[in-house]
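Trainee: This is the structure I want to talk about, given as structure tokens.
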Amino acid sequence: MKRKITPSIMCADVFNLEATVKEFEKNGIEYIHIDIMDGNFVPNYTLGTDFVKALKRKTKIPLDIHLMICNPEYKLDWFDFGEGDYVSVHYEATPHIHRAVSKIKSRGAKAMLAINPGTPFSVIENLLPDIDAVLVMTVNPGFAGQTLIKSTIEKIRNLREYLDKNGYSHMEIEVDGNVSFENACLMSKAGANIFVAGSSSVFSKEGNLDENIKKLSSVINTGI
Ligand code: DX5
Ligand code: ZN
């Protein structure tokens, strides 16, 4: 399956966003990951509805909106997204996850089901016909710069195997949290194919954005 990079825009320099987005376009970046937090589902605030609107106007790169908010089914209408975009909602964030997923699909976007490190992937079973991807959180959501929860690598492997065995080999697996060059290699081998690139990789101070994107792309595609 094609390996894709979705840089986490909350990790970018806010005073340099235009140049950053141009660099994404130049490098053929597939998605832009936007973290939305509500200070309730996760203990932090980050970007919001106006940011999504502005970014959508600025670039043709599809968005990958990660909603870390309670009861997203009532708030999806606040966000600007449509065909080609991914929107992820957390299984843990609502008793009406099916309603949330259906609302995303009714807008023509692709629905991604996000699961926290403590949630078994088996919860996706009844949602499989309604979703396009699973987002496996590899840290507890809320903050950049955390350390990988190692058990999530096995979870990715088991999920990939489960999807392939059950007729969902086309379903994408996104990983989010401490996707460093080293960890991305492990995640890719385990079967993930969309990589949220934050402070651990493309926005790492070790190299510039262009070099880091090329390095991550090489690691996820060839393991080098
Ligand atoms: C975690 C966020 C991530 C984060 C990833 O809640 O969803 O997008 O920014 O970046 P690093 O590489 O810092 O873990
Ligand atoms: Zn995220």
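So you can find residues: chains in the structure tokens are A, B, ... in the order shown, residues in each start at 1, and ligands are numbered from 1 in order.
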For ligand 1, return the neighbouring residues as a PyMOL selection string (distance at most 9 Å; only C-alpha atoms and all ligand atoms).

Mentor: chain A and resi 7-11+33-37+42+66+68+137-148+176-180+196-204

Trainee: Identify, with DSSP run on backbone atoms, the residues in segment 103-163 of chain A assigned to strand (DSSP E), and express the list as an MDAnalysis selection string.

Mentor: chainID A and resid 110:115 133:137

Trainee: Just to be explicit: take each residue in the selection above, keep C-alpha atoms, and write the result as a PDB file, in the first residue's frame.

Mentor:
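That gives us out_17.pdb:
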```pdb
ATOM      1  CA  LYS A 110     -13.288  10.128   4.252  1.00  0.00           C
ATOM      2  CA  ALA A 111     -13.908   8.900   7.782  1.00  0.00           C
ATOM      3  CA  MET A 112     -11.110   7.744  10.027  1.00  0.00           C
ATOM      4  CA  LEU A 113     -11.714   6.063  13.375  1.00  0.00           C
ATOM      5  CA  ALA A 114      -9.119   7.021  15.989  1.00  0.00           C
ATOM      6  CA  ILE A 115      -8.300   4.746  18.921  1.00  0.00           C
ATOM      7  CA  ALA A 133      -9.076   4.265   7.797  1.00  0.00           C
ATOM      8  CA  VAL A 134      -8.074   3.581  11.379  1.00  0.00           C
ATOM      9  CA  LEU A 135      -5.897   6.031  13.311  1.00  0.00           C
ATOM     10  CA  VAL A 136      -3.790   4.164  15.841  1.00  0.00           C
ATOM     11  CA  MET A 137      -2.578   6.616  18.489  1.00  0.00           C
TER      12      MET A 137
END
```

Trainee: If you run DSSP on the backbone, which residues of segment 17-53 of chain A are helix (DSSP H, G or I), as a PyMOL selection string?

Mentor: chain A and resi 17-26+49-53

Trainee: I need the residue nearest Ser106 of chain A from this list: A:Ala93, A:Val87, A:Ile124, A:Leu209. Use only C-alpha atoms for the distance.

Mentor: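 With only C-alpha atoms as the atom set, the closest residue is A:Val87.
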
Trainee: Using only C-alpha atoms and all ligand atoms, which of the listed residues (A:Ala100, A:Asn40, A:Leu67, A:Leu55) sits closest to ligand 2?

Mentor: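 When distances to ligand 2 are compared using only C-alpha atoms and all ligand atoms, the smallest one comes from A:Leu67.
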
Trainee: With only C-alpha atoms and all ligand atoms as the atoms that count, which of A:Phe81, A:Asp130, A:Asn44, A:Ser88 lies nearest to ligand 2?

Mentor: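 Closest candidate: A:Ser88.
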
Trainee: Residues at most 8 Å from Asn193 of chain A, counting only C-alpha atoms, excluding those fewer than 3 positions away in the same chain, as a list in words?

Mentor: Met1, Lys2, Arg3, Lys4, Glu172, Ile173, Glu174, Val175 and Ser188 of chain A

Trainee: With distances taken over only C-alpha atoms, which residue among A:Tyr74, A:Phe195, A:Phe51, A:Phe41 lies nearest Tyr91 of chain A?

Mentor: A:Phe41

Trainee: Excluding segment 23-30 of chain A and its own-chain neighbours fewer than 6 positions away, which residues fall within 7 Å of it when counting only C-alpha atoms? Please give them as a PDB file with N, CA, C and O atoms, in the first residue's frame.

Mentor:
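Written out: around-v1.pdb:
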```pdb
ATOM      1  N   LYS A   4       2.215   7.310   2.906  1.00  0.00           N
ATOM      2  CA  LYS A   4       1.907   8.741   2.800  1.00  0.00           C
ATOM      3  C   LYS A   4       2.339   9.499   4.054  1.00  0.00           C
ATOM      4  O   LYS A   4       2.294   8.943   5.156  1.00  0.00           O
ATOM      5  N   ILE A   5       2.685  10.774   3.850  1.00  0.00           N
ATOM      6  CA  ILE A   5       3.112  11.615   4.985  1.00  0.00           C
ATOM      7  C   ILE A   5       2.064  12.703   5.218  1.00  0.00           C
ATOM      8  O   ILE A   5       1.613  13.343   4.260  1.00  0.00           O
ATOM      9  N   THR A   6       1.701  12.896   6.487  1.00  0.00           N
ATOM     10  CA  THR A   6       0.749  13.939   6.859  1.00  0.00           C
ATOM     11  C   THR A   6       1.374  14.772   7.990  1.00  0.00           C
ATOM     12  O   THR A   6       1.283  14.419   9.165  1.00  0.00           O
ATOM     13  N   ILE A  61      -3.693  20.776  -0.994  1.00  0.00           N
ATOM     14  CA  ILE A  61      -3.357  19.514  -0.308  1.00  0.00           C
ATOM     15  C   ILE A  61      -4.552  19.130   0.572  1.00  0.00           C
ATOM     16  O   ILE A  61      -5.044  19.956   1.349  1.00  0.00           O
ATOM     17  N   PRO A  62      -5.043  17.888   0.456  1.00  0.00           N
ATOM     18  CA  PRO A  62      -6.179  17.486   1.294  1.00  0.00           C
ATOM     19  C   PRO A  62      -5.840  17.571   2.782  1.00  0.00           C
ATOM     20  O   PRO A  62      -4.695  17.357   3.178  1.00  0.00           O
ATOM     21  N   ASP A 210      12.786  20.337   4.213  1.00  0.00           N
ATOM     22  CA  ASP A 210      12.965  19.596   2.963  1.00  0.00           C
ATOM     23  C   ASP A 210      13.778  18.313   3.195  1.00  0.00           C
ATOM     24  O   ASP A 210      13.373  17.224   2.770  1.00  0.00           O
TER      25      ASP A 210
END
```

Trainee: Counting only C-alpha atoms and all ligand atoms, figure out which residue out of A:Asn158, A:Thr46, A:Asn221, A:Thr20 gets nearest to ligand 2.

Mentor: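 For ligand 2, the nearest of the given residues is A:Thr46.
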
Trainee: Given only C-alpha atoms as the basis, pick out the residue of A:Glu182, A:Glu206, A:Asp77, A:Asp85 nearest to Asp64 of chain A.

Mentor: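 Among A:Glu182, A:Glu206, A:Asp77, A:Asp85, it is A:Asp85 that comes nearest to Asp64 of chain A.
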